$ cat protein-v3.cif   # mmCIF, C-alpha atoms and all ligand atoms
data_data
loop_
_atom_site.label_atom_id
_atom_site.label_comp_id
_atom_site.auth_asym_id
_atom_site.auth_seq_id
_atom_site.Cartn_x
_atom_site.Cartn_y
_atom_site.Cartn_z
CA MET A 1300 81.27 98.87 117.89
CA SER A 1301 79.11 97.34 115.15
CA ALA A 1302 80.82 95.83 112.12
CA ALA A 1303 79.22 98.56 109.96
CA LEU A 1304 80.93 101.27 112.03
CA VAL A 1305 84.20 99.34 112.09
CA ALA A 1306 84.17 99.24 108.27
CA ARG A 1307 83.53 103.00 108.13
CA ALA A 1308 86.34 103.67 110.62
CA LEU A 1309 88.72 101.42 108.70
CA LEU A 1310 87.89 103.28 105.48
CA SER A 1311 88.51 106.68 107.05
CA GLY A 1312 91.95 105.44 108.11
CA LEU A 1313 92.68 104.58 104.46
CA THR A 1314 91.45 107.72 102.72
CA THR A 1315 90.11 111.21 103.35
CA THR A 1316 87.78 110.88 100.33
CA GLU A 1317 84.08 110.88 101.24
CA PRO A 1318 82.61 107.33 101.15
CA LEU A 1319 80.22 106.52 98.32
CA GLY A 1320 78.24 104.18 100.53
CA SER A 1321 78.03 101.08 102.70
CA TRP A 1322 76.82 97.62 101.74
CA SER A 1323 76.45 94.37 103.62
CA ALA A 1324 75.72 90.70 103.04
CA PRO A 1325 74.84 87.95 105.52
CA GLY A 1326 76.36 84.60 106.32
CA ARG A 1327 74.03 81.65 106.04
CA ALA A 1328 72.95 78.56 107.90
CA ASN A 1329 71.85 75.64 105.83
CA LEU A 1330 68.64 74.18 107.19
CA ILE A 1331 69.02 71.04 105.07
CA GLY A 1332 70.59 69.88 101.79
CA GLU A 1333 74.31 69.33 102.33
CA HIS A 1334 76.76 68.58 99.50
CA THR A 1335 73.84 68.52 97.11
CA ASP A 1336 74.53 71.88 95.46
CA TYR A 1337 77.47 70.79 93.30
CA ASN A 1338 75.48 67.68 92.35
CA ASP A 1339 72.87 69.91 90.67
CA GLY A 1340 70.46 69.10 93.51
CA PHE A 1341 68.33 70.90 96.09
CA VAL A 1342 69.24 73.01 99.14
CA LEU A 1343 67.29 74.96 101.74
CA PRO A 1344 69.57 77.56 103.37
CA PHE A 1345 68.65 80.83 105.04
CA ALA A 1346 70.58 84.06 105.50
CA ILE A 1347 71.46 84.83 109.13
CA ASP A 1348 71.58 88.03 111.16
CA ARG A 1349 75.39 88.09 111.10
CA ARG A 1350 76.76 90.21 108.29
CA THR A 1351 79.89 91.38 106.54
CA HIS A 1352 79.99 95.14 105.95
CA VAL A 1353 81.80 96.98 103.20
CA ALA A 1354 82.44 100.73 103.10
CA LEU A 1355 83.70 102.09 99.79
CA ALA A 1356 85.26 105.33 98.57
CA PRO A 1357 86.32 106.20 95.00
CA ARG A 1358 89.88 106.90 93.94
CA ALA A 1359 91.19 108.67 90.85
CA ASP A 1360 94.01 106.33 89.84
CA GLY A 1361 92.34 103.13 88.61
CA VAL A 1362 93.57 101.11 91.60
CA ILE A 1363 91.50 98.78 93.78
CA ARG A 1364 92.68 98.64 97.39
CA VAL A 1365 91.11 96.40 100.01
CA ALA A 1366 91.55 96.56 103.77
CA SER A 1367 90.06 94.25 106.34
CA THR A 1368 89.99 93.68 110.04
CA PHE A 1369 91.39 90.21 109.17
CA ALA A 1370 94.78 91.66 108.16
CA ALA A 1371 97.17 94.38 109.25
CA GLU A 1372 98.03 95.65 105.77
CA PRO A 1373 95.77 96.62 102.87
CA VAL A 1374 96.35 95.00 99.47
CA GLN A 1375 96.13 96.85 96.17
CA LEU A 1376 96.22 96.13 92.45
CA PRO A 1377 95.62 98.17 89.30
CA LEU A 1378 92.13 97.35 88.00
CA ALA A 1379 93.71 96.88 84.59
CA SER A 1380 95.56 93.83 86.00
CA LEU A 1381 92.24 92.12 86.78
CA THR A 1382 91.77 90.76 83.29
CA GLY A 1383 93.11 87.37 82.22
CA PRO A 1384 93.95 84.83 84.92
CA PHE A 1385 93.58 85.96 88.54
CA PRO A 1386 97.01 87.06 89.88
CA THR A 1387 96.98 84.50 92.70
CA ASP A 1388 100.68 84.82 93.52
CA GLU A 1389 100.43 88.55 94.26
CA VAL A 1390 97.48 88.31 96.63
CA PRO A 1391 97.24 86.94 100.19
CA GLU A 1392 94.36 84.51 100.65
CA TRP A 1393 92.02 86.85 102.56
CA ALA A 1394 92.30 89.46 99.78
CA ALA A 1395 91.53 86.89 97.06
CA TYR A 1396 87.87 86.99 98.17
CA PRO A 1397 87.16 90.70 97.50
CA LEU A 1398 89.71 91.07 94.68
CA GLY A 1399 88.47 87.81 93.15
CA VAL A 1400 84.96 89.30 93.16
CA ALA A 1401 86.22 92.41 91.33
CA TRP A 1402 88.00 90.17 88.83
CA ALA A 1403 84.96 87.92 88.28
CA LEU A 1404 82.63 90.93 88.06
CA ILE A 1405 84.75 92.52 85.34
CA ALA A 1406 84.66 89.26 83.36
CA ALA A 1407 80.92 88.63 83.90
CA SER A 1408 79.88 92.18 82.97
CA GLY A 1409 82.25 92.60 80.05
CA ALA A 1410 83.27 95.99 81.50
CA ASP A 1411 86.47 97.63 80.28
CA ALA A 1412 88.66 97.36 83.39
CA ALA A 1413 90.75 100.37 82.39
CA SER A 1414 87.69 102.65 82.36
CA LEU A 1415 86.31 101.66 85.80
CA THR A 1416 86.55 103.96 88.83
CA GLY A 1417 89.29 102.98 91.28
CA VAL A 1418 88.06 102.12 94.76
CA ASP A 1419 89.13 101.85 98.37
CA ILE A 1420 87.18 99.12 100.14
CA ALA A 1421 87.13 98.47 103.89
CA ILE A 1422 85.69 95.19 105.18
CA ALA A 1423 84.51 94.22 108.66
CA SER A 1424 82.38 91.26 109.64
CA ASP A 1425 80.49 89.74 112.51
CA VAL A 1426 80.07 86.38 110.76
CA PRO A 1427 82.22 83.87 112.64
CA VAL A 1428 85.03 82.54 110.44
CA GLY A 1429 85.36 78.78 109.99
CA ALA A 1430 82.03 78.01 111.67
CA GLY A 1431 80.38 76.68 108.52
CA LEU A 1432 78.27 79.86 108.33
CA SER A 1433 79.78 81.14 105.08
CA SER A 1434 81.81 84.09 106.18
CA SER A 1435 83.35 83.82 102.70
CA ALA A 1436 80.04 84.17 100.86
CA ALA A 1437 79.26 87.18 103.04
CA ILE A 1438 82.49 88.92 101.96
CA GLU A 1439 81.80 88.02 98.35
CA GLY A 1440 78.18 89.20 98.48
CA ALA A 1441 78.95 92.52 100.17
CA THR A 1442 81.83 93.26 97.78
CA ALA A 1443 79.83 92.20 94.72
CA ALA A 1444 76.86 94.39 95.71
CA ALA A 1445 79.15 97.38 96.40
CA LEU A 1446 81.08 97.13 93.12
CA ASN A 1447 77.99 96.36 91.04
CA ASP A 1448 76.39 99.60 92.30
CA THR A 1449 79.55 101.72 92.18
CA TRP A 1450 80.41 100.68 88.65
CA GLY A 1451 76.78 100.78 87.47
CA LEU A 1452 76.98 97.25 86.04
CA GLY A 1453 73.34 96.32 86.63
CA LEU A 1454 73.89 92.62 87.37
CA ASP A 1455 70.97 90.93 89.15
CA PRO A 1456 71.36 89.05 92.48
CA VAL A 1457 71.65 85.63 90.81
CA ALA A 1458 74.42 86.90 88.52
CA LEU A 1459 76.16 88.39 91.56
CA ALA A 1460 75.92 85.04 93.35
CA GLN A 1461 77.58 83.43 90.32
CA VAL A 1462 80.31 86.07 90.46
CA GLY A 1463 80.89 85.19 94.12
CA ARG A 1464 81.19 81.51 93.33
CA THR A 1465 83.62 82.19 90.47
CA ALA A 1466 85.77 84.21 92.88
CA GLU A 1467 85.72 81.39 95.41
CA ASN A 1468 86.41 78.63 92.84
CA ASP A 1469 88.92 80.33 90.57
CA ALA A 1470 90.55 83.10 92.64
CA VAL A 1471 90.58 81.51 96.11
CA GLY A 1472 90.72 77.94 94.76
CA ALA A 1473 87.94 76.34 96.86
CA PRO A 1474 85.82 73.98 94.72
CA THR A 1475 82.48 74.91 96.32
CA GLY A 1476 78.96 74.98 94.89
CA ILE A 1477 76.60 77.95 94.64
CA MET A 1478 74.42 77.50 97.73
CA ASP A 1479 76.18 79.96 100.03
CA GLN A 1480 76.33 82.82 97.55
CA MET A 1481 72.67 82.36 96.56
CA ALA A 1482 71.57 82.34 100.21
CA SER A 1483 73.62 85.45 100.96
CA MET A 1484 72.27 87.35 97.95
CA LEU A 1485 68.62 86.22 98.06
CA GLY A 1486 67.90 85.72 101.79
CA ARG A 1487 64.55 86.91 103.21
CA ALA A 1488 63.52 87.66 106.79
CA ASP A 1489 61.84 84.70 108.48
CA ALA A 1490 62.27 82.50 105.41
CA ALA A 1491 64.56 79.99 103.75
CA ILE A 1492 65.54 79.84 100.07
CA PHE A 1493 64.58 76.60 98.34
CA LEU A 1494 67.05 76.42 95.52
CA ASP A 1495 67.25 74.11 92.55
CA CYS A 1496 70.98 74.20 91.92
CA ARG A 1497 70.59 73.08 88.32
CA SER A 1498 68.15 75.71 87.11
CA LEU A 1499 68.98 78.23 89.88
CA ASP A 1500 65.23 78.66 90.41
CA ALA A 1501 64.80 80.01 93.93
CA THR A 1502 61.59 79.89 95.97
CA VAL A 1503 61.09 81.68 99.28
CA ILE A 1504 59.78 79.25 101.92
CA ASP A 1505 58.31 80.71 105.12
CA LEU A 1506 59.94 79.32 108.24
CA GLY A 1507 57.80 80.84 110.98
CA PHE A 1508 60.21 79.78 113.74
CA ALA A 1509 59.10 82.59 116.08
CA GLU A 1510 55.37 81.88 115.66
CA ALA A 1511 56.00 78.21 116.37
CA GLY A 1512 57.90 79.17 119.55
CA LEU A 1513 61.16 77.85 118.12
CA GLU A 1514 64.69 79.18 117.95
CA LEU A 1515 67.58 78.15 115.78
CA LEU A 1516 70.64 77.63 117.95
CA VAL A 1517 74.13 77.48 116.45
CA ILE A 1518 76.63 75.29 118.28
CA ASP A 1519 80.01 76.30 116.86
CA SER A 1520 82.52 73.57 117.64
CA GLY A 1521 85.52 75.82 117.01
CA VAL A 1522 87.03 73.03 114.90
CA GLN A 1523 88.40 74.79 111.83
CA HIS A 1524 88.00 73.54 108.29
CA ALA A 1525 89.26 74.71 104.91
CA HIS A 1526 87.36 73.72 101.78
CA SER A 1527 90.24 74.51 99.45
CA THR A 1528 91.99 71.38 100.68
CA GLY A 1529 91.32 67.76 101.50
CA GLY A 1530 88.02 66.20 102.31
CA TYR A 1531 85.64 68.56 100.51
CA ARG A 1532 87.44 68.08 97.21
CA GLU A 1533 87.56 64.30 97.71
CA ARG A 1534 83.81 64.19 98.32
CA ARG A 1535 83.20 66.11 95.10
CA GLU A 1536 85.39 63.69 93.21
CA ALA A 1537 83.53 60.69 94.65
CA CYS A 1538 80.21 62.22 93.58
CA ASP A 1539 81.49 62.87 90.05
CA ARG A 1540 82.76 59.30 89.89
CA GLY A 1541 79.41 57.95 91.09
CA ALA A 1542 77.48 59.96 88.50
CA GLN A 1543 79.81 58.79 85.75
CA LEU A 1544 79.47 55.13 86.75
CA MET A 1545 75.68 55.49 86.71
CA GLY A 1546 75.76 57.24 83.33
CA VAL A 1547 74.05 60.45 84.49
CA ALA A 1548 75.10 64.08 84.19
CA ALA A 1549 74.87 64.62 87.96
CA LEU A 1550 73.67 62.74 91.05
CA ARG A 1551 70.57 64.92 90.94
CA ASP A 1552 69.42 62.66 88.13
CA LEU A 1553 69.21 59.62 90.44
CA SER A 1554 66.47 58.67 92.90
CA ALA A 1555 66.19 56.10 95.71
CA GLU A 1556 65.02 53.55 93.13
CA ASP A 1557 68.44 53.72 91.44
CA LEU A 1558 70.35 52.85 94.59
CA PRO A 1559 70.24 49.04 94.26
CA ARG A 1560 71.81 49.32 90.80
CA ALA A 1561 74.34 51.86 92.12
CA ARG A 1562 75.45 49.41 94.77
CA GLY A 1563 76.34 46.91 92.05
CA VAL A 1564 78.45 49.21 89.87
CA MET A 1565 80.70 50.98 92.37
CA ASP A 1566 82.83 50.40 95.44
CA ASP A 1567 81.24 50.69 98.87
CA VAL A 1568 82.69 54.10 99.74
CA THR A 1569 81.55 55.69 96.49
CA PHE A 1570 78.16 54.05 96.93
CA ARG A 1571 77.69 55.54 100.37
CA ARG A 1572 78.68 59.01 99.08
CA VAL A 1573 76.06 58.61 96.34
CA ARG A 1574 73.44 57.36 98.78
CA HIS A 1575 73.94 60.43 100.96
CA VAL A 1576 73.38 62.81 98.07
CA VAL A 1577 70.38 60.96 96.65
CA THR A 1578 68.63 60.66 100.02
CA GLU A 1579 69.56 64.23 101.01
CA ASP A 1580 67.95 65.65 97.86
CA GLN A 1581 64.76 63.82 98.84
CA ARG A 1582 65.01 65.13 102.41
CA VAL A 1583 65.14 68.69 101.09
CA LEU A 1584 61.97 68.11 99.07
CA ASP A 1585 60.32 66.48 102.09
CA THR A 1586 61.35 69.36 104.35
CA VAL A 1587 59.85 71.93 101.99
CA GLN A 1588 56.59 69.98 101.87
CA THR A 1589 56.54 69.51 105.65
CA LEU A 1590 57.19 73.21 106.28
CA ARG A 1591 54.33 74.13 103.96
CA GLU A 1592 51.87 71.59 105.34
CA GLN A 1593 52.76 71.27 109.01
CA GLY A 1594 55.23 74.01 109.94
CA PRO A 1595 58.73 73.93 111.42
CA ALA A 1596 57.93 71.88 114.51
CA ALA A 1597 57.50 68.86 112.22
CA ILE A 1598 60.92 68.85 110.50
CA GLY A 1599 63.00 67.50 113.39
CA ASP A 1600 63.30 63.93 112.12
CA LEU A 1601 64.43 65.11 108.70
CA LEU A 1602 67.22 67.17 110.29
CA LEU A 1603 68.33 64.17 112.33
CA ALA A 1604 68.26 61.84 109.33
CA SER A 1605 70.38 64.35 107.43
CA HIS A 1606 72.95 64.38 110.22
CA ALA A 1607 73.08 60.60 110.39
CA SER A 1608 73.62 60.40 106.64
CA MET A 1609 76.50 62.89 106.80
CA ARG A 1610 78.03 61.06 109.74
CA ASP A 1611 77.69 57.50 108.41
CA ASP A 1612 77.50 57.70 104.61
CA PHE A 1613 79.24 60.92 103.63
CA GLU A 1614 81.62 60.81 106.62
CA ILE A 1615 82.07 64.55 107.00
CA SER A 1616 81.07 64.97 110.64
CA VAL A 1617 83.54 65.13 113.52
CA PRO A 1618 83.10 63.90 117.12
CA GLU A 1619 82.42 67.46 118.31
CA LEU A 1620 79.48 67.84 115.91
CA ASP A 1621 78.04 64.43 116.78
CA THR A 1622 78.30 65.38 120.45
CA ALA A 1623 76.57 68.72 119.77
CA VAL A 1624 73.67 66.98 118.03
CA GLU A 1625 73.30 64.33 120.73
CA ALA A 1626 73.50 66.84 123.58
CA ALA A 1627 70.96 69.13 121.94
CA MET A 1628 68.51 66.29 121.36
CA GLY A 1629 68.97 65.00 124.91
CA ALA A 1630 68.12 68.45 126.27
CA GLY A 1631 64.92 69.00 124.32
CA ALA A 1632 65.82 70.14 120.80
CA ILE A 1633 63.31 68.92 118.22
CA GLY A 1634 65.97 68.39 115.57
CA ALA A 1635 69.68 69.04 115.02
CA ARG A 1636 72.38 68.49 112.41
CA MET A 1637 75.80 69.69 111.42
CA THR A 1638 75.58 72.50 108.86
CA GLY A 1639 77.92 73.48 106.05
CA GLY A 1640 80.73 71.62 104.37
CA GLY A 1641 81.73 69.55 107.40
CA PHE A 1642 85.07 68.48 108.91
CA GLY A 1643 84.41 71.01 111.67
CA GLY A 1644 82.35 74.16 111.92
CA ALA A 1645 78.93 74.24 113.54
CA ALA A 1646 75.79 72.26 114.24
CA ILE A 1647 72.34 73.81 114.26
CA ALA A 1648 69.55 72.81 116.61
CA LEU A 1649 65.87 73.70 116.37
CA VAL A 1650 64.88 74.34 119.96
CA PRO A 1651 61.65 75.37 121.74
CA HIS A 1652 62.14 78.88 123.09
CA ASP A 1653 62.00 77.80 126.74
CA ARG A 1654 64.61 75.06 126.24
CA VAL A 1655 67.35 77.22 124.71
CA GLU A 1656 69.29 77.78 127.92
CA THR A 1657 68.99 74.09 128.84
CA VAL A 1658 70.30 73.03 125.44
CA LYS A 1659 73.18 75.51 125.67
CA ASP A 1660 74.13 74.20 129.10
CA ALA A 1661 73.87 70.59 127.92
CA ALA A 1662 76.11 71.24 124.90
CA THR A 1663 78.70 73.02 127.04
CA ALA A 1664 78.66 70.19 129.61
CA ALA A 1665 78.90 67.47 126.96
CA PHE A 1666 81.88 69.17 125.30
CA ALA A 1667 83.64 69.50 128.65
CA ALA A 1668 82.95 65.86 129.50
CA SER A 1669 84.54 64.77 126.21
CA GLY A 1670 87.55 67.04 126.69
CA PHE A 1671 86.60 69.26 123.72
CA ARG A 1672 87.18 72.99 123.63
CA ALA A 1673 84.08 74.89 124.85
CA PRO A 1674 81.62 75.52 121.99
CA THR A 1675 80.37 78.99 121.06
CA LEU A 1676 76.58 79.16 121.30
CA PHE A 1677 74.23 81.72 119.80
CA THR A 1678 70.82 81.86 118.16
CA VAL A 1679 70.36 83.14 114.60
CA THR A 1680 67.35 84.67 112.88
CA PRO A 1681 66.52 84.16 109.19
CA SER A 1682 67.35 87.53 107.63
CA GLU A 1683 67.51 89.67 104.48
CA GLY A 1684 70.14 89.12 101.82
CA ALA A 1685 72.82 91.45 100.49
CA GLY A 1686 72.17 95.09 99.79
CA ARG A 1687 73.07 98.74 100.20
CA ASP A 1688 72.69 100.10 103.72
CA ALA A 1689 73.73 103.74 103.29
C1 LIG B 1701 80.23 74.60 101.63
C2 LIG B 1701 80.17 75.03 100.17
C3 LIG B 1701 78.76 74.91 99.61
C4 LIG B 1701 78.18 73.52 99.89
C5 LIG B 1701 78.37 73.15 101.36
C6 LIG B 1701 77.95 71.74 101.64
O1 LIG B 1701 79.50 75.49 102.42
O2 LIG B 1701 80.59 76.37 100.05
O3 LIG B 1701 78.78 75.18 98.23
O4 LIG B 1701 78.72 72.57 99.04
O5 LIG B 1701 79.72 73.30 101.78
O6 LIG B 1701 76.58 71.62 101.52
#

$ encode --input "protein-v3.cif" --output "C-alpha cells" --more "lines below"
Ligand code: GLA
Amino acid sequence: MSAALVARALLSGLTTTEPLGSWSAPGRANLIGEHTDYNDGFVLPFAIDRRTHVALAPRADGVIRVASTFAAEPVQLPLASLTGPFPTDEVPEWAAYPLGVAWALIAASGADAASLTGVDIAIASDVPVGAGLSSSAAIEGATAAALNDTWGLGLDPVALAQVGRTAENDAVGAPTGIMDQMASMLGRADAAIFLDCRSLDATVIDLGFAEAGLELLVIDSGVQHAHSTGGYRERREACDRGAQLMGVAALRDLSAEDLPRARGVMDDVTFRRVRHVVTEDQRVLDTVQTLREQGPAAIGDLLLASHASMRDDFEISVPELDTAVEAAMGAGAIGARMTGGGFGGAAIALVPHDRVETVKDAATAAFAASGFRAPTLFTVTPSEGAGRDA
C-alpha cells in the first residue's frame, strides 16, 4: 500500500470525521554543498521521489493529535499549550517533529492558539529514516503545508521551511541548518535548488539527468546517525570558532585566498574544518556553472572532491561510505559522494543508465568483502516539493 493510503487508513482508525485533505513533502538528496548551510553558504539539494504523507481531519475540542506508523500510540496536546516554550518533556521524540511544527507555526504566524481548529493528523512515509535523505524535513514539510492550509495562515514556502527548521532546532533539539527544509518545500521535477543560505535566495537549476542518460543511485549504508548529538554539533562549533578567529560573521565570508592566514591563527583541526567549508562553497558555485555550461555528465570530479574533503578535512565520513564511493567509481559511476550530515547514512552516485546494475552489484560485493551489513540501493528522481495532494 502506498504511504498516502497508509496515512488515510491510519486517520480513519483515529476518527470517523471526514478528512479535510492530504498533503505530502519529499525527502531530499544533496547533490553538493555539505555543512555549508549553517555557515551562511551555498547548497545544491534536490527533492526526491520518496515522500511523507499527512492526512488530516478537524476536531471540535482544540486538541492536536498526531499518529504515525513510527509509533504504536498517538500523542495529543491542547493547542493552547503550544505557546511559550515547547513542552519537550511531555512529547516523545517522533512526535516533536509534527507538534514542533504546529508550535513553530503558531509563533511564526502570530495566530491565537486558542482560536485554531483542533486536528487529527496521521503520518506515513516512504522516505528511509536515518539514510541522510531528510525524513525529518519531509515530516516537517508535510505537516507545515497541511496546518498552513487548514488554519488559513497564508505563509509562503520559505516561511514554512523556516518553521520546519525552528521545529527541528528548538522542539527536537537538532542544531541543523535550513537546507533540508528548503529543498523539501521548494523542490522541482528534474531540477536542483541552488540556495544561498544567507539571503535564502533560491534558484532552480535544471539537472537533465535523464536526457544525459544518467541516474542518481542512493547507496544507503544502514549506519544510523543522529544530528541532535555528537559529531554534527561539534562540527558546527568548530566552524563558529573558525569564523570568530578570522573575524568574520560566518565562514561564507572567507575564500580560498584567506586559507593561508587561517592556517596561522587556528589549530590544525579547526583549520581543516574551515578549509572544507570554504572549498565546498566554491565547489557548489562551480557545480552550478558546470551544470549550466556543460550538463550533469561534467560534474563527477566536483562530487569526488567534495567527498574527499568530507573524509579528510571535515572527517564526517565512515568506512562504509568511503567503500560505497570507491566501489561505485570502480564500476563506472562518473561521480559519487556521501550525502547529508555524515557519520552514517547514504552515498549518492551519478551513474550512466546502463551501468546502474553493475554499480549496485559492485557496492553490494564491496560491502560484503569488508564485512559490512548489505547496503540498500535505489535510484531517485528529482521531484516536486511539498504540497496538497487531495
Ligand atoms: C543535515 C542538516 C542540514 C545540513 C546537512 C549537512 O542534513 O539537517 O541542515 O547541515 O546535514 O550538509

$ closest_atom_pairs --input "protein-v3.cif" --of "chain A" --to "ligand LIG 1701 (chain B)" --cutoff "7 Å" --atoms "only C-alpha atoms and all ligand atoms" --output "JSON lines"
{"residue": "A:Gly1332", "atom": "CA", "partner": "B:LIG1701", "partner_atom": "O6", "distance": 6.2}
{"residue": "A:Glu1333", "atom": "CA", "partner": "B:LIG1701", "partner_atom": "O6", "distance": 3.3}
{"residue": "A:His1334", "atom": "CA", "partner": "B:LIG1701", "partner_atom": "O6", "distance": 3.7}
{"residue": "A:Thr1335", "atom": "CA", "partner": "B:LIG1701", "partner_atom": "O6", "distance": 6.0}
{"residue": "A:Asp1336", "atom": "CA", "partner": "B:LIG1701", "partner_atom": "O4", "distance": 5.6}
{"residue": "A:Tyr1337", "atom": "CA", "partner": "B:LIG1701", "partner_atom": "O4", "distance": 6.1}
{"residue": "A:Gly1431", "atom": "CA", "partner": "B:LIG1701", "partner_atom": "O1", "distance": 6.3}
{"residue": "A:Ser1433", "atom": "CA", "partner": "B:LIG1701", "partner_atom": "O1", "distance": 6.3}
{"residue": "A:Thr1475", "atom": "CA", "partner": "B:LIG1701", "partner_atom": "O3", "distance": 4.2}
{"residue": "A:Gly1476", "atom": "CA", "partner": "B:LIG1701", "partner_atom": "O3", "distance": 3.4}
{"residue": "A:Ile1477", "atom": "CA", "partner": "B:LIG1701", "partner_atom": "O3", "distance": 5.0}
{"residue": "A:Met1478", "atom": "CA", "partner": "B:LIG1701", "partner_atom": "O3", "distance": 5.0}
{"residue": "A:Asp1479", "atom": "CA", "partner": "B:LIG1701", "partner_atom": "C3", "distance": 5.7}
{"residue": "A:Gly1639", "atom": "CA", "partner": "B:LIG1701", "partner_atom": "O1", "distance": 4.4}
{"residue": "A:Gly1640", "atom": "CA", "partner": "B:LIG1701", "partner_atom": "O5", "distance": 3.2}

$ closest_residue --input "protein-v3.cif" --among "A:Leu1558, A:Leu1676, A:Ala1626, A:Leu1649" --to "Ala1661 (chain A)" --atoms "only C-alpha atoms"
A:Ala1626

$ closest_atom_pairs --input "protein-v3.cif" --of "region 1559-1638 of chain A" --to "region 1499-1514 of chain A" --cutoff "8 Å" --atoms "all atoms listed in the file" --output "CSV"
residue,atom,partner,partner_atom,distance
A:Val1587,CA,A:Ile1504,CA,7.3
A:Leu1590,CA,A:Leu1506,CA,7.0
A:Arg1591,CA,A:Ile1504,CA,7.8
A:Gly1594,CA,A:Leu1506,CA,7.3
A:Pro1595,CA,A:Leu1506,CA,6.4
A:Ala1596,CA,A:Ala1511,CA,6.9

$ atom_distance --input "protein-v3.cif" --atom1 "CA of Ala1632 (chain A)" --atom2 "CA of Phe1677 (chain A)"
14.3 Å

$ closest_residue --input "protein-v3.cif" --among "A:Leu1515, A:Ala1689, A:Asp1539, A:Gly1383" --to "Ala1648 (chain A)" --atoms "all atoms listed in the file"
A:Leu1515

$ atom_distance --input "protein-v3.cif" --atom1 "CA of Ser1323 (chain A)" --atom2 "CA of Gln1523 (chain A)"
24.4 Å

$ residues_around --input "protein-v3.cif" --residues "Ile1518 (chain A)" --least-positions-apart "3" --cutoff "10 Å" --atoms "all atoms listed in the file" --output "VMD selection string"
chain A and resid 1430 1515 1521 1619 to 1620 1623 to 1624 1627 1635 to 1638 1644 to 1648 1658 to 1659 1662 to 1663 1673 to 1678

$ decode --input "protein-v3.cif" --residues "region 1634-1639 of chain A" --atoms "all heavy atoms" --output "tab-separated table (two decimals), in the first residue's frame"
chain	number	residue	atom	x	y	z
A	1634	GLY	N	30.67	10.01	-10.82
A	1634	GLY	CA	30.98	10.79	-9.63
A	1634	GLY	C	30.19	10.20	-8.48
A	1634	GLY	O	29.17	9.53	-8.70
A	1635	ALA	N	30.69	10.39	-7.24
A	1635	ALA	CA	29.97	9.85	-6.08
A	1635	ALA	C	30.46	10.59	-4.84
A	1635	ALA	O	31.58	11.09	-4.80
A	1635	ALA	CB	30.22	8.35	-5.93
A	1636	ARG	N	29.59	10.66	-3.85
A	1636	ARG	CA	29.96	11.30	-2.58
A	1636	ARG	C	28.96	10.90	-1.51
A	1636	ARG	O	27.84	10.52	-1.83
A	1636	ARG	CB	29.99	12.82	-2.70
A	1636	ARG	CG	28.65	13.42	-3.12
A	1636	ARG	CD	28.74	14.91	-3.37
A	1636	ARG	NE	28.80	15.65	-2.15
A	1636	ARG	CZ	27.76	15.96	-1.38
A	1636	ARG	NH1	26.54	15.61	-1.74
A	1636	ARG	NH2	27.93	16.63	-0.27
A	1637	MET	N	29.37	10.98	-0.26
A	1637	MET	CA	28.38	10.82	0.80
A	1637	MET	C	27.48	12.05	0.77
A	1637	MET	O	27.87	13.13	0.32
A	1637	MET	CB	29.03	10.66	2.17
A	1637	MET	CG	30.03	11.73	2.59
A	1637	MET	SD	30.06	12.02	4.40
A	1637	MET	CE	28.57	13.00	4.61
A	1638	THR	N	26.22	11.88	1.21
A	1638	THR	CA	25.28	13.00	1.18
A	1638	THR	C	24.67	13.15	2.57
A	1638	THR	O	24.52	12.16	3.29
A	1638	THR	CB	24.20	12.78	0.11
A	1638	THR	OG1	23.41	13.96	-0.02
A	1638	THR	CG2	23.30	11.60	0.43
A	1639	GLY	N	24.39	14.39	2.95
A	1639	GLY	CA	23.75	14.62	4.25
A	1639	GLY	C	24.77	14.94	5.32
A	1639	GLY	O	25.93	15.27	5.04
